[in-house]
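K.L.:
Once you've had a glance at the structure underneath, I'll fire off some questions.
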Amino acid sequence: MIRLAQFEAEARKGRIEALYNLGLAYSTGQGVSVDYIAAHKWFNLAAMKGVNEARKWRAQISGEMSAHQIAEAQRQAREWLVAC
C-alpha cells in the first residue's frame with residue numbers, strides 16, 4: 001500500500017507515469033485487489049495526458065466492465081481532475 005500511496009502523491013504532483021502505474025496496479029492486483037473501476041479511472045487520466053499504453057489498457061478492461069461501471073470510472077476521473 002505504501003507504493004500506491006506514493007503513486008497517488010506523485011499523480012497529484014502531475015507525474016503522468018504515476019497515473020499509468022496506478023492503472024496497472026488496480027488492473028492487475030499489484031498491492032491491492034483488482035478494481036476495474038479504479039483502473040479505468042487511472043488509465044483514463046493517463047490517456048488524457050497522452051500515454052498510449054494507457055489507452056490500450058483502458059480499452060482492454062472496458063471489455064470486462066458494464067456501462068454503469070465505465071460511467072462510474074469516468075465520474076471518478078472527473079472528480080479527481082477537479083480536486084487536483
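Letters A, B, ... mark the chains of the C-alpha cells in the order given; residue numbers begin at 1 per chain; ligand numbers begin at 1, in order shown.
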Listing only residues of segment 59-78 of chain A within 7 Å of segment 32-47 of chain A, what is the closest atom pair and its distance in Å (to one decimal) for each, using only C-alpha atoms, sorted by chain and residue number ascending, as CSV?
P.N.:
```
residue,atom,partner,partner_atom,distance
A:Ile61,CA,A:Tyr36,CA,6.7
A:Gln69,CA,A:Ile37,CA,6.1
A:Ile70,CA,A:Ile37,CA,6.7
A:Glu72,CA,A:Ile37,CA,6.9
A:Ala73,CA,A:Lys41,CA,4.9
A:Gln74,CA,A:Lys41,CA,6.1
A:Gln76,CA,A:Lys41,CA,6.4
A:Ala77,CA,A:Lys41,CA,5.1
```
K.L.:
Let me make sure I understand: among A:Leu4, A:Ala11, A:Val51, A:Ile16, which one has the smallest atom-to-atom distance to Gly29 of chain A if we use only C-alpha atoms?
P.N.:
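Ranking A:Leu4, A:Ala11, A:Val51, A:Ile16 by distance to Gly29 of chain A, first place goes to A:Leu4.
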K.L.:
Separation of atom CA of Gly23 of chain A and atom CA of Arg58 of chain A, in Å?
P.N.:
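If I compute the distance from atom CA of Gly23 of chain A to atom CA of Arg58 of chain A, I get 8.5 Å.
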K.L.:
From the DSSP assignment of the backbone, select every residue of chain A that is alpha helix (DSSP H), and format the answer as a count of residues only.
P.N.:
65
